[in-house]
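Here is protein13.csv, consisting of CSV, C-alpha atoms:
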chain,number,residue,atom,x,y,z
A,3,MET,CA,-36.8,-44.1,-33.6
A,4,VAL,CA,-39.6,-45.7,-31.6
A,5,ASP,CA,-39.8,-45.3,-27.9
A,6,VAL,CA,-40.5,-48.8,-26.6
A,7,ASN,CA,-40.7,-49.5,-22.8
A,8,LEU,CA,-39.5,-53.0,-22.4
A,9,TYR,CA,-40.5,-53.0,-18.6
A,10,SER,CA,-43.9,-51.6,-18.9
A,11,LYS,CA,-45.5,-54.5,-17.1
A,12,LYS,CA,-42.8,-54.7,-14.4
A,13,LYS,CA,-43.9,-53.7,-10.9
A,14,PRO,CA,-41.5,-51.3,-9.2
A,15,ARG,CA,-40.2,-53.1,-6.1
A,16,LEU,CA,-38.0,-51.9,-3.4
A,17,LYS,CA,-35.4,-54.6,-2.9
A,18,LEU,CA,-34.0,-55.5,0.6
A,19,LEU,CA,-30.5,-55.3,-0.7
A,20,THR,CA,-31.0,-51.9,-2.1
A,21,VAL,CA,-32.4,-50.7,1.2
A,22,LEU,CA,-29.5,-52.2,3.1
A,23,ILE,CA,-26.9,-50.7,0.7
A,24,LEU,CA,-28.6,-47.3,0.9
A,25,THR,CA,-28.8,-47.5,4.7
A,26,GLY,CA,-25.2,-48.5,4.8
A,27,ILE,CA,-24.2,-45.6,2.7
A,28,LEU,CA,-26.0,-43.2,5.0
A,29,VAL,CA,-24.8,-44.8,8.2
A,30,LEU,CA,-21.2,-45.2,7.2
A,31,PRO,CA,-20.1,-41.5,7.5
A,32,VAL,CA,-21.9,-41.2,10.8
A,33,ALA,CA,-20.2,-44.3,12.1
A,34,ALA,CA,-16.9,-43.1,10.8
A,35,PHE,CA,-17.2,-39.8,12.5
A,36,ARG,CA,-18.2,-41.6,15.7
A,37,ILE,CA,-15.0,-43.6,15.6
A,38,THR,CA,-13.0,-40.4,14.9
A,39,LEU,CA,-14.7,-38.9,17.9
A,40,TRP,CA,-13.6,-41.8,20.1
A,41,SER,CA,-10.1,-41.5,19.0
A,42,LEU,CA,-10.3,-37.7,19.5
A,43,GLN,CA,-11.5,-38.3,23.1
A,44,MET,CA,-8.6,-40.7,23.7
A,45,VAL,CA,-6.0,-38.3,22.3
A,46,GLU,CA,-7.4,-35.4,24.2
A,47,PHE,CA,-7.6,-37.4,27.5
A,48,ASN,CA,-3.9,-38.5,27.1
A,49,ARG,CA,-2.9,-34.9,26.2
A,50,LEU,CA,-4.5,-33.6,29.3
A,51,GLN,CA,-2.8,-36.2,31.4
A,52,SER,CA,0.6,-35.3,30.0
A,53,GLN,CA,-0.1,-31.6,30.3
A,54,TYR,CA,-1.2,-31.8,33.9
A,55,PRO,CA,0.9,-34.6,35.4
A,56,ILE,CA,-0.2,-33.9,39.0
A,57,ALA,CA,-3.9,-34.0,38.1
A,58,ALA,CA,-3.2,-37.1,36.0
A,59,ARG,CA,-2.7,-39.1,39.2
A,60,GLU,CA,-6.4,-38.6,39.9
A,61,MET,CA,-7.4,-39.2,36.3
A,62,GLN,CA,-5.6,-42.5,35.8
A,63,SER,CA,-8.4,-44.7,37.1
A,64,PHE,CA,-10.8,-43.4,34.5
A,65,ARG,CA,-11.3,-44.4,30.8
A,66,SER,CA,-10.7,-41.9,28.1
A,67,SER,CA,-14.4,-41.4,27.6
A,68,GLU,CA,-15.2,-40.7,31.2
A,69,PHE,CA,-14.5,-36.9,31.1
A,70,ALA,CA,-17.3,-36.0,33.4
A,71,ALA,CA,-16.4,-38.5,36.0
A,72,ALA,CA,-12.7,-37.5,35.9
A,73,ARG,CA,-13.7,-33.9,36.3
A,74,GLN,CA,-16.0,-34.7,39.3
A,75,ARG,CA,-13.1,-36.5,41.0
A,76,LEU,CA,-10.7,-33.6,40.4
A,77,ASP,CA,-13.3,-31.1,41.7
A,78,GLN,CA,-13.8,-33.2,44.8
A,79,GLN,CA,-10.0,-33.6,45.4
A,80,GLU,CA,-9.5,-29.9,44.8
A,81,ARG,CA,-12.0,-29.1,47.5
A,82,ASN,CA,-10.1,-31.4,49.9
A,83,LEU,CA,-6.8,-29.7,48.9
A,84,SER,CA,-8.4,-26.2,49.4
A,85,ALA,CA,-9.5,-27.2,52.9
A,86,MET,CA,-6.0,-28.5,53.6
A,87,VAL,CA,-4.5,-25.2,52.4
A,88,THR,CA,-6.8,-23.2,54.7
A,89,ARG,CA,-5.8,-25.5,57.6
A,90,VAL,CA,-2.1,-25.2,57.0
A,91,ARG,CA,-2.3,-21.4,56.5
A,92,ALA,CA,-4.2,-21.1,59.8
A,93,GLU,CA,-1.7,-23.3,61.6
A,94,THR,CA,1.2,-21.3,60.2
A,95,ALA,CA,-0.4,-18.0,61.2
A,96,LYS,CA,-1.1,-19.5,64.7
A,97,VAL,CA,2.6,-20.6,65.1
A,98,GLU,CA,3.8,-17.2,63.8
A,99,LYS,CA,1.6,-15.3,66.2
A,100,ASP,CA,2.7,-17.5,69.1
A,101,LEU,CA,6.3,-17.1,68.2
A,102,VAL,CA,6.0,-13.3,68.0
A,103,TYR,CA,4.3,-13.3,71.4
A,104,ALA,CA,6.8,-15.7,72.9
A,105,GLY,CA,9.7,-13.7,71.5
A,106,THR,CA,8.3,-10.4,72.9
A,107,VAL,CA,7.8,-11.9,76.4
A,108,GLN,CA,11.2,-13.5,76.2
A,109,ARG,CA,12.9,-10.2,75.4
A,110,VAL,CA,11.3,-8.6,78.5
A,111,PHE,CA,12.6,-11.3,80.8
A,112,SER,CA,16.0,-11.4,79.1
A,113,SER,CA,16.2,-7.6,79.3
A,114,PHE,CA,15.5,-7.9,83.0
A,115,SER,CA,18.1,-10.6,83.5
A,116,ASP,CA,20.7,-8.9,81.4
A,117,SER,CA,20.2,-5.5,83.0
A,118,PHE,CA,20.5,-7.1,86.4
A,119,SER,CA,23.7,-9.0,85.5
A,120,GLN,CA,25.2,-5.8,84.2
A,121,THR,CA,24.8,-3.9,87.4
A,122,GLY,CA,27.5,-4.2,89.9
A,123,ASN,CA,27.4,-5.1,93.6
A,124,GLY,CA,26.4,-1.6,94.5
A,125,GLU,CA,22.8,-2.0,93.3
A,126,LYS,CA,20.0,-4.3,94.5
A,127,VAL,CA,16.8,-5.1,92.7
A,128,PHE,CA,13.6,-6.1,94.4
A,129,LEU,CA,10.8,-7.5,92.3
A,130,ASN,CA,7.5,-6.6,94.0
A,131,ARG,CA,4.8,-7.8,91.6
A,132,MET,CA,4.3,-9.3,88.2
A,133,ALA,CA,1.1,-10.1,86.3
A,134,VAL,CA,1.3,-11.3,82.7
A,135,SER,CA,-1.9,-12.0,80.8
A,136,ARG,CA,-1.7,-12.8,77.2
A,137,GLY,CA,-3.7,-10.4,75.0
A,138,SER,CA,-3.9,-7.9,77.8
A,139,THR,CA,-1.0,-6.4,79.7
A,140,MET,CA,2.2,-7.3,81.4
A,141,ASP,CA,2.5,-5.4,84.6
A,142,MET,CA,5.4,-5.4,87.0
A,143,SER,CA,6.8,-3.3,89.8
A,144,TYR,CA,10.2,-3.4,91.3
A,145,TYR,CA,12.6,-1.4,93.6
A,146,ASP,CA,16.0,-0.4,92.4
A,147,ILE,CA,18.2,0.4,95.4
A,148,PRO,CA,21.8,1.5,95.0
A,149,PHE,CA,23.9,0.5,98.0
A,150,ALA,CA,27.4,1.7,99.0
A,151,GLU,CA,30.1,-0.2,97.3
A,152,GLU,CA,31.9,-2.4,99.7
A,153,SER,CA,35.3,-1.4,98.4
A,154,THR,CA,34.9,2.4,98.2
A,155,GLN,CA,32.1,2.8,100.8
A,156,THR,CA,30.6,5.5,98.5
A,157,LEU,CA,27.0,5.7,97.8
A,158,SER,CA,26.0,5.4,94.2
A,159,LEU,CA,23.0,7.5,93.3
A,160,SER,CA,22.5,6.3,89.8
A,161,PHE,CA,19.9,3.6,89.0
A,162,ASP,CA,21.9,1.7,86.4
A,163,PHE,CA,19.6,-1.3,86.4
A,164,HIS,CA,16.5,0.7,85.8
A,165,GLN,CA,18.1,2.8,83.1
A,166,SER,CA,19.5,-0.2,81.3
A,167,PHE,CA,16.2,-2.1,81.6
A,168,MET,CA,14.1,0.7,80.3
A,169,GLU,CA,16.5,1.4,77.4
A,170,SER,CA,16.4,-2.3,76.5
A,171,LEU,CA,12.6,-2.4,76.7
A,172,LEU,CA,12.3,0.6,74.4
A,173,LYS,CA,13.6,-1.6,71.5
A,174,THR,CA,10.5,-3.9,71.9
A,175,PHE,CA,7.9,-1.5,73.3
A,176,PRO,CA,8.3,2.0,71.9
A,177,ALA,CA,6.1,3.5,74.6
A,178,PRO,CA,6.0,1.5,77.8
A,179,ASP,CA,3.7,2.8,80.5
A,180,ALA,CA,6.2,3.4,83.3
A,181,ASP,CA,5.7,5.2,86.6
A,182,ALA,CA,9.1,5.6,88.3
A,183,GLN,CA,9.3,7.3,91.6
A,184,GLU,CA,12.3,8.1,93.6
A,185,ILE,CA,12.1,7.4,97.3
A,186,ASN,CA,14.5,9.2,99.6
A,187,PHE,CA,14.4,8.2,103.3
A,188,LEU,CA,17.2,9.0,105.7
A,189,PHE,CA,20.2,7.4,104.0
A,190,LEU,CA,18.1,5.3,101.6
A,191,ASN,CA,17.9,6.3,98.0
A,192,ALA,CA,15.6,4.0,96.0
A,193,LEU,CA,13.5,4.0,92.9
A,194,TYR,CA,10.2,2.3,92.6
A,195,ASN,CA,8.9,1.6,89.1
A,196,GLN,CA,5.5,0.4,88.1
A,197,LEU,CA,5.6,-0.8,84.6
A,198,SER,CA,2.7,-1.8,82.3
A,199,LEU,CA,3.4,-3.2,78.8
A,200,ASP,CA,0.7,-3.5,76.2
A,201,LEU,CA,0.2,-7.1,75.0
A,202,LYS,CA,-3.1,-6.5,73.2
A,203,GLY,CA,-3.4,-8.2,69.9
A,204,MET,CA,-0.7,-10.8,70.7
B,1321,MET,CA,-44.6,-41.7,-13.9
B,1322,LYS,CA,-45.3,-38.6,-12.0
B,1323,MET,CA,-46.4,-40.6,-9.0
B,1324,LEU,CA,-43.1,-42.5,-9.1
B,1325,SER,CA,-41.1,-39.3,-9.1
B,1326,ILE,CA,-43.0,-38.0,-6.0
B,1327,GLN,CA,-42.4,-41.3,-4.3
B,1328,ARG,CA,-38.7,-41.2,-5.1
B,1329,LEU,CA,-38.5,-37.6,-3.9
B,1330,PHE,CA,-40.3,-38.5,-0.8
B,1331,GLY,CA,-37.9,-41.4,-0.2
B,1332,ILE,CA,-34.9,-39.2,-0.8
B,1333,LEU,CA,-36.2,-36.7,1.7
B,1334,ILE,CA,-36.8,-39.4,4.3
B,1335,ALA,CA,-33.3,-40.7,3.7
B,1336,LEU,CA,-31.8,-37.3,4.0
B,1337,GLY,CA,-33.8,-36.7,7.2
B,1338,VAL,CA,-32.6,-39.9,8.7
B,1339,PHE,CA,-29.0,-39.0,7.7
B,1340,VAL,CA,-29.2,-35.5,9.2
B,1341,ALA,CA,-30.8,-36.8,12.4
B,1342,GLY,CA,-28.1,-39.5,12.6
B,1343,VAL,CA,-25.4,-36.9,12.1
B,1344,VAL,CA,-26.9,-34.6,14.8
B,1345,LEU,CA,-27.7,-37.3,17.3
B,1346,LEU,CA,-24.7,-39.5,16.9
B,1347,ASP,CA,-22.0,-37.0,15.9
B,1348,LEU,CA,-22.7,-33.4,16.4
B,1349,LEU,CA,-24.2,-33.6,19.9
B,1350,PRO,CA,-21.6,-36.0,21.2
B,1351,PHE,CA,-18.9,-33.8,19.7
B,1352,LEU,CA,-20.2,-30.7,21.4
B,1353,LYS,CA,-20.6,-32.6,24.6
B,1354,PHE,CA,-17.0,-33.9,24.3
B,1355,GLN,CA,-15.7,-30.3,23.7
B,1356,GLU,CA,-17.6,-29.0,26.7
B,1357,GLU,CA,-16.4,-31.8,28.9
B,1358,SER,CA,-12.9,-31.6,27.6
B,1359,ASN,CA,-12.8,-27.8,28.4
B,1360,ALA,CA,-14.3,-28.5,31.8
B,1361,LEU,CA,-11.8,-31.2,32.6
B,1362,ARG,CA,-8.9,-28.9,31.5
B,1363,GLU,CA,-10.1,-26.2,33.7
B,1364,ALA,CA,-10.6,-28.6,36.6
B,1365,ALA,CA,-7.1,-30.0,36.1
B,1366,GLN,CA,-5.6,-26.4,36.0
B,1367,ILE,CA,-7.4,-25.5,39.3
B,1368,TYR,CA,-6.3,-28.8,40.9
B,1369,GLU,CA,-2.7,-28.2,40.0
B,1370,THR,CA,-2.7,-24.6,41.2
B,1371,THR,CA,-4.3,-25.6,44.5
B,1372,TYR,CA,-1.8,-28.5,44.8
B,1373,ARG,CA,1.2,-26.2,44.3
B,1374,THR,CA,-0.3,-23.7,46.7
B,1375,LEU,CA,-0.6,-26.5,49.3
B,1376,GLU,CA,3.0,-27.6,48.7
B,1377,LEU,CA,4.2,-24.0,49.2
B,1378,GLU,CA,2.2,-23.6,52.4
B,1379,LYS,CA,3.5,-26.9,53.6
B,1380,THR,CA,7.1,-25.9,52.9
B,1381,LYS,CA,6.5,-22.6,54.8
B,1382,TYR,CA,5.0,-24.5,57.7
B,1383,ALA,CA,7.9,-27.0,57.6
B,1384,GLN,CA,10.3,-24.2,58.3
B,1385,TYR,CA,9.0,-24.2,61.8
B,1386,SER,CA,9.7,-27.9,62.2
B,1387,ALA,CA,12.7,-27.2,64.5
B,1388,LEU,CA,10.1,-25.9,67.0
B,1389,GLU,CA,9.0,-29.5,67.7
B,1390,GLN,CA,12.3,-30.4,69.2
B,1391,LYS,CA,13.1,-27.0,70.8
B,1392,SER,CA,9.8,-26.4,72.5
B,1393,ALA,CA,9.9,-30.0,73.9
B,1394,GLU,CA,13.4,-29.2,75.4
B,1395,GLU,CA,12.2,-25.9,76.8
B,1396,PHE,CA,9.1,-27.5,78.2
B,1397,ASP,CA,11.0,-30.2,79.9
B,1398,GLY,CA,13.6,-27.7,81.2
B,1399,LEU,CA,10.9,-25.7,82.9
B,1400,GLN,CA,9.3,-28.8,84.3
B,1401,ALA,CA,12.6,-29.8,85.7
B,1402,ILE,CA,13.0,-26.5,87.6
B,1403,PHE,CA,9.6,-27.0,89.3
B,1404,ARG,CA,10.3,-30.7,89.9
B,1405,GLN,CA,13.6,-29.9,91.6
B,1406,ALA,CA,11.9,-27.4,93.8
B,1407,GLY,CA,9.4,-30.0,94.9
B,1408,ALA,CA,6.5,-28.4,93.0
B,1409,PRO,CA,5.9,-30.9,90.2
B,1410,LEU,CA,3.7,-29.7,87.4
B,1411,GLU,CA,1.0,-31.7,85.8
B,1412,PRO,CA,1.1,-31.2,82.1
B,1413,HIS,CA,-2.2,-31.1,80.2
B,1414,GLY,CA,-1.3,-31.9,76.6
B,1415,ASP,CA,0.8,-29.1,75.4
B,1416,SER,CA,0.4,-26.8,78.4
B,1417,PHE,CA,0.6,-26.8,82.1
B,1418,VAL,CA,-0.8,-24.7,84.9
B,1419,PHE,CA,0.7,-24.1,88.3
B,1420,SER,CA,-0.7,-22.4,91.3
B,1421,GLY,CA,0.9,-22.5,94.7
B,1422,TRP,CA,4.0,-21.7,96.8
B,1423,VAL,CA,7.5,-21.8,95.5
B,1424,ASP,CA,10.7,-20.4,97.1
B,1425,GLY,CA,12.2,-17.2,95.8
B,1426,ASN,CA,15.2,-18.9,94.3
B,1427,THR,CA,13.0,-21.1,92.2
B,1428,LEU,CA,11.1,-18.1,91.0
B,1429,ALA,CA,14.3,-16.3,90.1
B,1430,ARG,CA,15.4,-19.5,88.2
B,1431,VAL,CA,12.0,-19.6,86.4
B,1432,LEU,CA,12.4,-15.9,85.4
B,1433,ASN,CA,15.9,-16.5,84.1
B,1434,PHE,CA,14.8,-19.6,82.3
B,1435,LEU,CA,11.9,-17.7,80.6
B,1436,GLY,CA,14.5,-15.1,79.5
B,1437,GLY,CA,16.1,-17.8,77.3
B,1438,CYS,CA,12.9,-19.4,76.0
B,1439,SER,CA,11.7,-18.6,72.6
B,1440,THR,CA,9.1,-21.3,72.0
B,1441,LEU,CA,7.2,-21.3,75.3
B,1442,VAL,CA,4.0,-19.2,75.4
B,1443,LEU,CA,3.3,-17.6,78.7
B,1444,GLU,CA,-0.4,-17.4,78.8
B,1445,SER,CA,-0.6,-16.2,82.4
B,1446,PHE,CA,1.8,-15.5,85.2
B,1447,SER,CA,1.1,-13.6,88.3
B,1448,PHE,CA,2.7,-13.3,91.7
B,1449,GLU,CA,3.1,-10.7,94.3
B,1450,SER,CA,5.5,-10.4,97.2
B,1451,GLN,CA,3.8,-11.7,100.4
B,1452,SER,CA,6.8,-10.9,102.6
B,1453,PRO,CA,7.3,-7.6,104.3
B,1454,LEU,CA,10.2,-7.1,101.9
B,1455,PRO,CA,9.9,-7.6,98.2
B,1456,ILE,CA,11.6,-10.4,96.4
B,1457,MET,CA,15.3,-9.6,95.9
B,1458,ILE,CA,16.6,-10.8,92.7
B,1459,GLY,CA,19.8,-12.8,93.0
B,1460,LYS,CA,19.5,-13.2,96.8
B,1461,ALA,CA,20.9,-16.3,98.2
B,1462,GLU,CA,18.4,-17.0,101.0
B,1463,SER,CA,15.2,-18.7,100.2
B,1464,PHE,CA,11.7,-17.4,101.0
B,1465,PRO,CA,8.3,-18.5,99.9
B,1466,VAL,CA,6.4,-16.8,97.1
B,1467,ARG,CA,2.8,-17.4,96.3
B,1468,VAL,CA,2.3,-17.8,92.6
B,1469,ASP,CA,-1.3,-17.1,91.8
B,1470,LEU,CA,-1.3,-18.5,88.3
B,1471,PHE,CA,1.4,-19.8,86.0
B,1472,GLN,CA,0.2,-21.1,82.7
B,1473,VAL,CA,2.6,-22.0,80.0
B,1474,LYS,CA,2.0,-23.8,76.7
B,1475,ARG,CA,4.3,-25.0,73.9
B,1476,VAL,CA,4.0,-23.4,70.5
B,1477,PRO,CA,1.9,-26.1,68.8
B,1478,TYR,CA,3.4,-27.8,65.8
B,1479,ASP,CA,1.5,-30.4,63.9
B,1480,VAL,CA,3.9,-32.8,62.2
B,1481,SER,CA,1.1,-34.5,60.3
B,1482,LEU,CA,0.4,-31.4,58.3
B,1483,VAL,CA,3.7,-31.6,56.5
B,1484,LYS,CA,3.6,-35.3,55.7
B,1485,ARG,CA,3.6,-35.9,52.0
Output the file's structure as structure tokens, nothing else.
Amino acid sequence: MVDVNLYSKKKPRLKLLTVLILTGILVLPVAAFRITLWSLQMVEFNRLQSQYPIAAREMQSFRSSEFAAARQRLDQQERNLSAMVTRVRAETAKVEKDLVYAGTVQRVFSSFSDSFSQTGNGEKVFLNRMAVSRGSTMDMSYYDIPFAEESTQTLSLSFDFHQSFMESLLKTFPAPDADAQEINFLFLNALYNQLSLDLKGM
Amino acid sequence: MKMLSIQRLFGILIALGVFVAGVVLLDLLPFLKFQEESNALREAAQIYETTYRTLELEKTKYAQYSALEQKSAEEFDGLQAIFRQAGAPLEPHGDSFVFSGWVDGNTLARVLNFLGGCSTLVLESFSFESQSPLPIMIGKAESFPVRVDLFQVKRVPYDVSLVKR
């Protein structure tokens, strides 16, 4: 057996077609993966939209490849929503605080009216002074004077209005600052009460 | 012959290098970036939805006070009517009004009674003191002037626009 090289005089040449075929073989898997990646992005984007339907409203205007832009939009809108949450919470707290205060003051006035309407003709109430200042105090002073009943002509010595009013107040203010003094002068029997209610923090 | 082998090896190495660089630049890095952006978008969407639901809850809570809008307007008008009837018209300033001046004792008694039934009017300030030799008798039929130093009332504010969807 003789080893004969039939192409000994042939120059080795790199053919263009070979280069193209080789390049194609190398680029093909890269390109294939790239296409797979695009479809992956699309699937993931759609999945996120179906998983988060509320957020999807903000993501709708973006293409499936615009993840970063969609996230930026969501972040921005989330900041707006957070600011809105803070505002609504503050307004709710403000309304609740106002209502608590309004209810407290209302109970004082309604206690005063109710106690007065419960007393009979034999008792008169004279309001001397009132000073209400939100966040500070509610001061008032009044005279409670029992008069003789017209029918019996007997003098009542009990201060029903005062007692009823103070009992009613105790439900709202556990420790009202009251200074009640009885005044006895000739045939007059009266009670003078100076009352101070704490409205701090309201 | 040996030279040809080295050239072939060199060529294969270059081709492999180009291939690896292509994979890294065109596939691996974009894939890692995609994963990172996908996770970030998922996280942003979760936070957005949580905040959105929190806002809905807060709005629902605030909307429970929607009846205030009507009630406080009625009470506000009722109080104004008492002063108007007494010839002491009040000038409202937005959601509040301030009064300072003379009113008769009956008007004052009506105001006190009215405030006893109001639950949506906020009494910021109210001060008066009997100027007459005798204090003000509650329920007395005769009229007598009373100097009200300051009477400041405001409505409980309710912003309808906050609960609009």
### Query
Could you list, as a PyMOL selection string, every residue of chain A that has an atom within 8 Å of an atom of chain B, counting all atoms listed in the file?
chain A and resi 28-29+32+35-36+39+43+46-47+50+54+56-57+69-70+72-73+76-77+79-80+83-84+86-87+90-91+93-94+97+100-101+103-105+107-113+115+126-136
### Query
Rounded to one decimal in Å, what is the spacing between CA of Leu171 in chain A and CA of Asp116 in chain A?
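Atom-to-atom, CA of Leu171 in chain A to CA of Asp116 in chain A, that is 11.4 Å.
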### Message
Rounded to one decimal, what separation in Å do you get between CA of Ile1332 in chain B and CA of Arg15 in chain A?
### Response
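Between these atoms lies a distance of 15.8 Å.
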## Note on the structure
Computed gap from CA of Ala180 in chain A to CA of Leu1428 in chain B is 23.4 Å
### Query
For Gly124 in chain A, which residue among A:Ser160, A:Gln62, A:Asn48, A:Ser10 is the nearest when counting only C-alpha atoms?
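Residue with the minimum atom-to-atom distance to Gly124 in chain A: A:Ser160.
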### Query
Out of A:Thr25, A:Gln183, A:Leu30, A:Ser66, which residue has the shortest atom-to-atom distance to Met44 in chain A when counting only C-alpha atoms?
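Of all the options, A:Ser66 lies closest to Met44 in chain A.
Residue nearest Val1480 in chain B within the list B:Ile1326, B:Ala1408, B:Ser1386, B:Gly1421: B:Ser1386 [criterion: smallest interatomic distance, only C-alpha atoms].
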